[in-house]
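Below you'll find the structure, written out as structure tokens, and then a few comments.
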Amino acid sequence: MQIGQDIDHARASLLAGECIGLPTETVYGLAGNALDATVVARIFAIKNRPAFDPLIVHAADAGILFALAHSIPSQAKALAHAFWPGPLTLLLPTSPRVPDLVTAGSPYVAVRVPAHPLALALLQQLPFPLAAPSANPFGYVSPTTAQHVADQLGAQIPYVLDGGPCTVGIESTVVGFPNGRPAIYRRGGIPLEALVAVVGPVDLAPPNPLAPEAPGMLARHYAPRTPLLLGHIPTLLAAHPHPERVAILSFQNRYRDGHPQDVVLAPDGKPETAARHLFAAMRLLDDPQWVAILAEPAPEEGLGPAINDRLRKAAANSANPHV
Ligand code: TXA
Ligand code: MG
């Protein structure tokens with residue numbers, strides 16, 4: 001396995017039917033030819049991902065993605081125009097060109113144009129779009145550097161295209177149009193307020209009982225192996241039997257002196273800053289020397305709700321790590 005910035009190498013691997021690590025502005029993807037069912041099956045196998053969880057298809061422009069859909073709601077066009085390239089995924093009625101494995105048999109295909117210069121340059125040079133889930137083993141924290149991908153999937157892929165640390169740091173916002181109105185299926189890099197400014201009211205889609213995000217349905221999602229406790233940090237710290245053996249993941253405050261390993265996600269108080277550092281911090285603190293990670297929610301504005309979604313999922317699964 002190699003890490004590098006060689007687009008020709010990445011392209012050659014993909015043309016040969018292999019999967020590679022792909023940088024995007026949100027998180028790194030595990031990418032392969034979205035129109036080749038054999039390659040798509042390999043993506044599921046490498047990630048150890050259940051076949052009922054569909055993949056996002058990536059291309060360099062909206063036209064290529066819209067050609068995979070059999071119709072495009074006008075609000076989807078407005079959102080694509082406003083936010084692509086960017087951290088927004090749209091669920092569109094799928095067409096027969098898209099392999100069933102990509103959509104997991106759903107009538108919708110998830111599509112997005114990523115805002116990353118290396119990814120866009122690569123996609124422009126490929127004759128097919130790329131299916132790319134986050135490049136982590138199923139259930140673990142998403143990768144935000146090329147090294148994170150290499151650490152976990154290095155034995156199974158030939159190449160990771162290194163685009164540097166991800167600038168958004170959490171996954172894309174997933175929006176569908178179930179009743180002719182936009183609905184958020186996953187909070188992410190585009191905040192609710194920004195969607196509303198473009199298309200008016202946006203619903204929160206009811207959680208799908210089959211979706212792996214449902215806490216407790218499946219073992220860990222977005223979760224470190226070390227139990228993560230979410231709440232008011234001074235209270236959690238005071239109640240913990242071994243405060244010396246816990247790590248703290250805080251939003252803006254530092255809660256104790258003499259513990260240089262504690263991570264402050266956003267010294268500037270901005271949720272975007274916290275989002276950019278969240279997954280790398282979870283990985284850093286996911287170390288057997290800590291019996292627990294104490295974390296606190298971000299303020300509920302901008303990317304705050306998306307950050308808190310990830311923290312809640314990590315915490316819910318920690319409480320019950322062997323489900
Ligand atoms: O930012 C991102 O979205 C990253 C980068 C690599 O683009 N990708 C990513 O993919 O997070 P993944 O596979 O880890 O998450 C895709 C999400 C899942 O929650 C999946 O259930 C949802 O999108 N999804 C995909 N297709 C769907 C569909 N047809 N209906 C409902 N949800 C869908
Ligand atoms: Mg994922």
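In the structure tokens, chains take letters A, B, ... by order of appearance, with residues numbered from 1 within each chain and ligands from 1 in the order shown.
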
Within 6 Å of ligand 1, counting only C-alpha atoms and all ligand atoms, residues as a PyMOL selection string: chain A and resi 26-29+53-56+87+91+103+106+108-110+132-134+171-172

Residues just named, written with N, CA, C and O atoms as a compact mmCIF listing (two decimals), in the first residue's frame:
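Final file, out.txt:
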```txt
# COMPACT_ATOMS: atom_id res chain seq x y z
N THR A 26 -15.05 16.32 3.45
CA THR A 26 -15.76 15.85 4.65
C THR A 26 -14.90 14.83 5.40
O THR A 26 -14.37 15.12 6.48
N VAL A 27 -14.79 13.63 4.83
CA VAL A 27 -13.97 12.56 5.38
C VAL A 27 -13.38 11.81 4.19
O VAL A 27 -13.79 12.03 3.05
N TYR A 28 -12.39 10.95 4.43
CA TYR A 28 -11.84 10.15 3.32
C TYR A 28 -12.84 9.06 2.92
O TYR A 28 -13.51 8.47 3.77
N GLY A 29 -12.92 8.80 1.60
CA GLY A 29 -13.79 7.75 1.10
C GLY A 29 -12.99 6.54 0.66
O GLY A 29 -11.79 6.62 0.38
N ASP A 53 -26.92 -1.27 3.62
CA ASP A 53 -26.58 0.14 3.84
C ASP A 53 -26.01 0.74 2.55
O ASP A 53 -24.88 0.45 2.17
N PRO A 54 -26.81 1.58 1.84
CA PRO A 54 -26.41 2.04 0.51
C PRO A 54 -25.24 3.02 0.49
O PRO A 54 -24.93 3.64 1.50
N LEU A 55 -24.63 3.17 -0.70
CA LEU A 55 -23.43 4.00 -0.87
C LEU A 55 -23.76 5.32 -1.58
O LEU A 55 -24.74 5.40 -2.32
N ILE A 56 -22.88 6.31 -1.39
CA ILE A 56 -23.00 7.60 -2.09
C ILE A 56 -22.16 7.54 -3.37
O ILE A 56 -21.03 7.04 -3.36
N PRO A 87 -20.45 19.63 0.92
CA PRO A 87 -20.82 18.50 1.79
C PRO A 87 -22.33 18.23 1.87
O PRO A 87 -22.90 18.19 2.95
N LEU A 91 -30.68 12.52 -2.28
CA LEU A 91 -31.30 11.23 -2.62
C LEU A 91 -32.26 11.47 -3.78
O LEU A 91 -33.25 12.18 -3.63
N THR A 103 -27.46 1.09 -4.30
CA THR A 103 -28.63 1.67 -3.62
C THR A 103 -29.19 0.73 -2.57
O THR A 103 -30.19 1.06 -1.93
N SER A 106 -32.78 0.25 -2.74
CA SER A 106 -33.68 1.39 -2.47
C SER A 106 -34.08 2.03 -3.81
O SER A 106 -33.35 1.94 -4.79
N TYR A 108 -33.95 5.02 -4.36
CA TYR A 108 -33.19 6.28 -4.45
C TYR A 108 -31.70 6.00 -4.57
O TYR A 108 -31.19 5.05 -3.99
N VAL A 109 -31.03 6.89 -5.33
CA VAL A 109 -29.57 6.85 -5.37
C VAL A 109 -29.05 8.12 -4.69
O VAL A 109 -29.58 9.21 -4.90
N ALA A 110 -28.02 7.95 -3.85
CA ALA A 110 -27.41 9.07 -3.13
C ALA A 110 -26.25 9.60 -3.96
O ALA A 110 -25.39 8.83 -4.38
N ALA A 132 -18.37 5.80 -2.96
CA ALA A 132 -17.41 5.94 -1.86
C ALA A 132 -18.10 6.12 -0.52
O ALA A 132 -18.60 7.20 -0.23
N PRO A 133 -18.11 5.08 0.30
CA PRO A 133 -18.49 5.25 1.70
C PRO A 133 -17.28 5.80 2.45
O PRO A 133 -16.18 5.84 1.90
N SER A 134 -17.47 6.23 3.68
CA SER A 134 -16.32 6.65 4.49
C SER A 134 -15.36 5.46 4.61
O SER A 134 -15.79 4.31 4.71
N GLU A 171 -19.16 13.99 7.99
CA GLU A 171 -19.72 13.57 6.72
C GLU A 171 -20.74 14.57 6.18
O GLU A 171 -21.23 15.44 6.90
N SER A 172 -21.10 14.36 4.91
CA SER A 172 -22.06 15.24 4.24
C SER A 172 -23.45 15.14 4.88
O SER A 172 -23.82 14.12 5.47
```

Please tabulate, as a tab-separated table, the residues of region 55-120 of chain A that come within 12 Å of region 184-191 of chain A, each with its closest pair of atoms and the distance in Å to one decimal, counting only C-alpha atoms and ordering rows by chain, then residue number upward.
```
residue	atom	partner	partner_atom	distance
A:Leu79	CA	A:Ile190	CA	10.6
A:Ala80	CA	A:Ile190	CA	11.9
A:Ala82	CA	A:Ile190	CA	10.8
A:Phe83	CA	A:Ile190	CA	8.2
A:Trp84	CA	A:Ile190	CA	10.8
A:Pro85	CA	A:Ile190	CA	11.6
A:Gly86	CA	A:Ile190	CA	8.2
A:Pro87	CA	A:Gly189	CA	5.2
A:Leu88	CA	A:Ile190	CA	6.3
A:Thr89	CA	A:Arg186	CA	9.3
A:Leu90	CA	A:Ile184	CA	9.6
A:Leu91	CA	A:Tyr185	CA	9.3
A:Ala110	CA	A:Tyr185	CA	11.0
A:Pro114	CA	A:Gly189	CA	11.4
A:Ala115	CA	A:Gly189	CA	11.4
```

Env. residues ligand 2 / 8 Å / only C-alpha atoms and all ligand atoms / as a ChimeraX atom specification: /A:133-136,138-139,141-142,171,222

Output file for the selection above: C-alpha atoms, as a PDB file, in the first residue's frame:
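Full text of out-v8.pdb as output:
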```
ATOM      1  CA  PRO A 133     -18.490   5.253   1.701  1.00  0.00           C
ATOM      2  CA  SER A 134     -16.321   6.648   4.485  1.00  0.00           C
ATOM      3  CA  ALA A 135     -13.023   4.700   4.473  1.00  0.00           C
ATOM      4  CA  ASN A 136     -13.331   3.138   7.941  1.00  0.00           C
ATOM      5  CA  PHE A 138     -17.963  -0.491   9.477  1.00  0.00           C
ATOM      6  CA  GLY A 139     -18.916   0.977  12.849  1.00  0.00           C
ATOM      7  CA  VAL A 141     -14.841   6.519  13.482  1.00  0.00           C
ATOM      8  CA  SER A 142     -14.523   8.020   9.967  1.00  0.00           C
ATOM      9  CA  GLU A 171     -19.719  13.567   6.716  1.00  0.00           C
ATOM     10  CA  TYR A 222     -18.884   6.405  14.838  1.00  0.00           C
TER      11      TYR A 222
END
```

Sel. of strand (DSSP E) residues, region 57-306 of chain A, as a PyMOL selection string: chain A and resi 57-58+88-93+108-112+130-131+159-161+173-176+183-186+203-204+228-230+246-250+263-264+292-295

Nearest residue to Thr145 (chain A) from the set A:Val98, A:Ala41, A:Ala281, A:Leu120 (distances using only C-alpha atoms): A:Ala281

So which residues touch His116 (chain A) within 6 Å, counting only C-alpha atoms, skipping near sequence neighbours fewer than 3 positions away, as a CSV table (one decimal) with C-alpha atoms, in the first residue's frame?
```
chain,number,residue,atom,x,y,z
A,24,THR,CA,-12.8,14.7,0.2
A,25,GLU,CA,-13.6,17.9,2.2
A,119,ALA,CA,-10.8,14.5,-5.8
```

Polymer residues at most 6 Å from Arg276 (chain A), only C-alpha atoms, same-chain spacing of 6 or more positions, as a list in words: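 Close residues of Arg276 (chain A): Thr167, Val168 and Gly169 of chain A.
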
Same residues, C-alpha atoms, output as a PDB file, in the first residue's frame:
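Below is the file that was written, selection-v9.pdb:
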```pdb
ATOM      1  CA  THR A 167     -11.373  20.691   6.029  1.00  0.00           C
ATOM      2  CA  VAL A 168     -14.985  19.968   7.098  1.00  0.00           C
ATOM      3  CA  GLY A 169     -14.240  16.853   9.162  1.00  0.00           C
TER       4      GLY A 169
END
```

Distance query Val39 (chain A) at most 8 Å, only C-alpha atoms, self and fewer than 5 positions along chain excluded, as a PyMOL selection string: chain A and resi 17-19+32-34

Just the selected residues (all heavy atoms), exported as a PDB file, in the first residue's frame, please.
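out36.pdb written:
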```pdb
ATOM      1  N   GLY A  17      -9.979  -1.577 -11.824  1.00  0.00           N
ATOM      2  CA  GLY A  17     -11.029  -2.216 -11.016  1.00  0.00           C
ATOM      3  C   GLY A  17     -10.689  -2.323  -9.546  1.00  0.00           C
ATOM      4  O   GLY A  17     -11.333  -3.068  -8.799  1.00  0.00           O
ATOM      5  N   GLU A  18      -9.690  -1.536  -9.100  1.00  0.00           N
ATOM      6  CA  GLU A  18      -9.344  -1.580  -7.678  1.00  0.00           C
ATOM      7  C   GLU A  18     -10.047  -0.454  -6.914  1.00  0.00           C
ATOM      8  O   GLU A  18     -10.602   0.462  -7.523  1.00  0.00           O
ATOM      9  CB  GLU A  18      -7.834  -1.453  -7.528  1.00  0.00           C
ATOM     10  CG  GLU A  18      -7.128  -2.559  -8.303  1.00  0.00           C
ATOM     11  CD  GLU A  18      -5.712  -2.758  -7.874  1.00  0.00           C
ATOM     12  OE1 GLU A  18      -5.508  -3.514  -6.903  1.00  0.00           O
ATOM     13  OE2 GLU A  18      -4.825  -2.159  -8.503  1.00  0.00           O
ATOM     14  N   CYS A  19      -9.984  -0.556  -5.588  1.00  0.00           N
ATOM     15  CA  CYS A  19     -10.545   0.482  -4.718  1.00  0.00           C
ATOM     16  C   CYS A  19      -9.383   1.248  -4.098  1.00  0.00           C
ATOM     17  O   CYS A  19      -8.351   0.655  -3.766  1.00  0.00           O
ATOM     18  CB  CYS A  19     -11.367  -0.149  -3.596  1.00  0.00           C
ATOM     19  SG  CYS A  19     -12.705  -1.195  -4.200  1.00  0.00           S
ATOM     20  N   GLY A  32     -14.460   3.340  -5.541  1.00  0.00           N
ATOM     21  CA  GLY A  32     -14.336   2.420  -6.670  1.00  0.00           C
ATOM     22  C   GLY A  32     -15.412   2.742  -7.703  1.00  0.00           C
ATOM     23  O   GLY A  32     -16.343   3.514  -7.420  1.00  0.00           O
ATOM     24  N   ASN A  33     -15.291   2.140  -8.868  1.00  0.00           N
ATOM     25  CA  ASN A  33     -16.225   2.360  -9.987  1.00  0.00           C
ATOM     26  C   ASN A  33     -17.669   2.051  -9.566  1.00  0.00           C
ATOM     27  O   ASN A  33     -18.030   0.904  -9.338  1.00  0.00           O
ATOM     28  CB  ASN A  33     -15.792   1.461 -11.151  1.00  0.00           C
ATOM     29  CG  ASN A  33     -16.669   1.641 -12.394  1.00  0.00           C
ATOM     30  OD1 ASN A  33     -17.703   2.313 -12.344  1.00  0.00           O
ATOM     31  ND2 ASN A  33     -16.235   1.033 -13.485  1.00  0.00           N
ATOM     32  N   ALA A  34     -18.485   3.117  -9.518  1.00  0.00           N
ATOM     33  CA  ALA A  34     -19.866   2.954  -9.032  1.00  0.00           C
ATOM     34  C   ALA A  34     -20.731   2.151  -9.990  1.00  0.00           C
ATOM     35  O   ALA A  34     -21.804   1.675  -9.606  1.00  0.00           O
ATOM     36  CB  ALA A  34     -20.492   4.334  -8.811  1.00  0.00           C
TER      37      ALA A  34
END
```

A:Val199, A:Leu15, A:Leu153, A:Leu130 ranked by distance to Val113 (chain A), top pick (using only C-alpha atoms):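 For Val113 (chain A), the nearest of the given residues is A:Leu130.
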
All residues 12 Å or closer to Ala67 (chain A), only C-alpha atoms, same chain fewer than 3 positions away omitted, as a PyMOL selection string: chain A and resi 57+59+61-64+70-72+92-98+109+111+128-129

Filtering to N, CA, C and O atoms, could you give me those residues as a JSON list (two decimals), in the first residue's frame?
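Result saved to out-v2.json:
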```json
[["chain", "number", "residue", "atom", "x", "y", "z"],
["A", 57, "VAL", "N", -22.73, 8.06, -4.48],
["A", 57, "VAL", "CA", -22.02, 8.13, -5.75],
["A", 57, "VAL", "C", -21.48, 9.55, -5.95],
["A", 57, "VAL", "O", -22.22, 10.52, -5.77],
["A", 59, "ALA", "N", -19.28, 12.42, -8.38],
["A", 59, "ALA", "CA", -18.78, 12.80, -9.70],
["A", 59, "ALA", "C", -18.35, 14.27, -9.64],
["A", 59, "ALA", "O", -18.61, 14.96, -8.64],
["A", 61, "ASP", "N", -19.35, 16.75, -11.62],
["A", 61, "ASP", "CA", -20.39, 17.76, -11.82],
["A", 61, "ASP", "C", -21.79, 17.18, -11.76],
["A", 61, "ASP", "O", -22.00, 15.98, -11.91],
["A", 62, "ALA", "N", -22.73, 18.09, -11.52],
["A", 62, "ALA", "CA", -24.12, 17.70, -11.29],
["A", 62, "ALA", "C", -24.70, 16.96, -12.50],
["A", 62, "ALA", "O", -25.49, 16.02, -12.33],
["A", 63, "GLY", "N", -24.30, 17.34, -13.71],
["A", 63, "GLY", "CA", -24.86, 16.72, -14.92],
["A", 63, "GLY", "C", -24.65, 15.22, -14.94],
["A", 63, "GLY", "O", -25.57, 14.44, -15.26],
["A", 64, "ILE", "N", -23.45, 14.78, -14.55],
["A", 64, "ILE", "CA", -23.13, 13.35, -14.55],
["A", 64, "ILE", "C", -24.02, 12.63, -13.54],
["A", 64, "ILE", "O", -24.55, 11.54, -13.80],
["A", 70, "HIS", "N", -33.76, 9.11, -12.50],
["A", 70, "HIS", "CA", -34.76, 9.11, -13.55],
["A", 70, "HIS", "C", -35.60, 10.38, -13.55],
["A", 70, "HIS", "O", -36.22, 10.73, -14.54],
["A", 71, "SER", "N", -35.55, 11.14, -12.43],
["A", 71, "SER", "CA", -36.15, 12.48, -12.42],
["A", 71, "SER", "C", -35.47, 13.26, -11.29],
["A", 71, "SER", "O", -34.90, 12.66, -10.38],
["A", 72, "ILE", "N", -35.55, 14.60, -11.37],
["A", 72, "ILE", "CA", -34.86, 15.42, -10.36],
["A", 72, "ILE", "C", -35.84, 16.46, -9.81],
["A", 72, "ILE", "O", -36.28, 17.35, -10.54],
["A", 92, "LEU", "N", -31.95, 10.89, -4.94],
["A", 92, "LEU", "CA", -32.76, 11.09, -6.15],
["A", 92, "LEU", "C", -33.34, 9.75, -6.59],
["A", 92, "LEU", "O", -32.72, 8.70, -6.36],
["A", 93, "PRO", "N", -34.50, 9.77, -7.26],
["A", 93, "PRO", "CA", -35.05, 8.51, -7.79],
["A", 93, "PRO", "C", -34.01, 7.87, -8.71],
["A", 93, "PRO", "O", -33.49, 8.52, -9.61],
["A", 94, "THR", "N", -33.69, 6.61, -8.46],
["A", 94, "THR", "CA", -32.58, 5.99, -9.19],
["A", 94, "THR", "C", -33.01, 5.53, -10.59],
["A", 94, "THR", "O", -34.20, 5.53, -10.92],
["A", 95, "SER", "N", -32.00, 5.20, -11.40],
["A", 95, "SER", "CA", -32.28, 4.69, -12.75],
["A", 95, "SER", "C", -31.58, 3.34, -12.91],
["A", 95, "SER", "O", -30.73, 2.97, -12.10],
["A", 96, "PRO", "N", -31.94, 2.61, -13.98],
["A", 96, "PRO", "CA", -31.34, 1.28, -14.16],
["A", 96, "PRO", "C", -29.82, 1.29, -14.37],
["A", 96, "PRO", "O", -29.17, 0.26, -14.25],
["A", 97, "ARG", "N", -29.24, 2.46, -14.63],
["A", 97, "ARG", "CA", -27.78, 2.51, -14.81],
["A", 97, "ARG", "C", -27.03, 2.22, -13.51],
["A", 97, "ARG", "O", -25.86, 1.86, -13.52],
["A", 98, "VAL", "N", -27.71, 2.43, -12.37],
["A", 98, "VAL", "CA", -27.03, 2.30, -11.08],
["A", 98, "VAL", "C", -27.20, 0.86, -10.56],
["A", 98, "VAL", "O", -28.33, 0.39, -10.42],
["A", 109, "VAL", "N", -31.03, 6.89, -5.33],
["A", 109, "VAL", "CA", -29.57, 6.85, -5.37],
["A", 109, "VAL", "C", -29.05, 8.12, -4.69],
["A", 109, "VAL", "O", -29.58, 9.21, -4.90],
["A", 111, "VAL", "N", -26.24, 10.92, -4.21],
["A", 111, "VAL", "CA", -25.21, 11.50, -5.08],
["A", 111, "VAL", "C", -24.64, 12.78, -4.49],
["A", 111, "VAL", "O", -25.34, 13.53, -3.80],
["A", 128, "PHE", "N", -16.06, 7.04, -15.30],
["A", 128, "PHE", "CA", -17.20, 6.57, -14.49],
["A", 128, "PHE", "C", -17.22, 7.34, -13.17],
["A", 128, "PHE", "O", -16.19, 7.85, -12.73],
["A", 129, "PRO", "N", -18.40, 7.43, -12.51],
["A", 129, "PRO", "CA", -18.47, 8.03, -11.18],
["A", 129, "PRO", "C", -17.94, 7.06, -10.13],
["A", 129, "PRO", "O", -17.77, 5.87, -10.40]]
```

Point-to-point distance from CA of Arg312 (chain A) to CA of Ala292 (chain A), Å rounded to tenths: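 Taking CA of Arg312 (chain A) as the start and CA of Ala292 (chain A) as the end point, the length is 14.7 Å.
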
For CA of Leu161 (chain A) and CA of Ala131 (chain A), the interatomic separation in Å (one decimal):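 Pair CA of Leu161 (chain A) / CA of Ala131 (chain A) returns 15.4 Å.
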
Length of the CA of Pro165 (chain A) to CA of Leu122 (chain A) vector [Å]: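 Calculated distance between CA of Pro165 (chain A) and CA of Leu122 (chain A) is 17.7 Å.
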
Filtered DSSP result for region 3-120 of chain A, state alpha helix (DSSP H), as number ranges by chain: A: 7-15, 37-47, 62-66, 74-83, 100-103, 117-120

Neighbour list for Gly304 (chain A) as a ChimeraX atom specification, cut-off 9 Å, only C-alpha atoms, skip fewer than 5 positions in-chain: /A:191,270-272,274-275,297-299,309

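In this comparison, which uses only C-alpha atoms, the residue of A:Asp203, A:Asp286, A:Asp257, A:Asp262 approaching Ala223 (chain A) most closely is A:Asp286.
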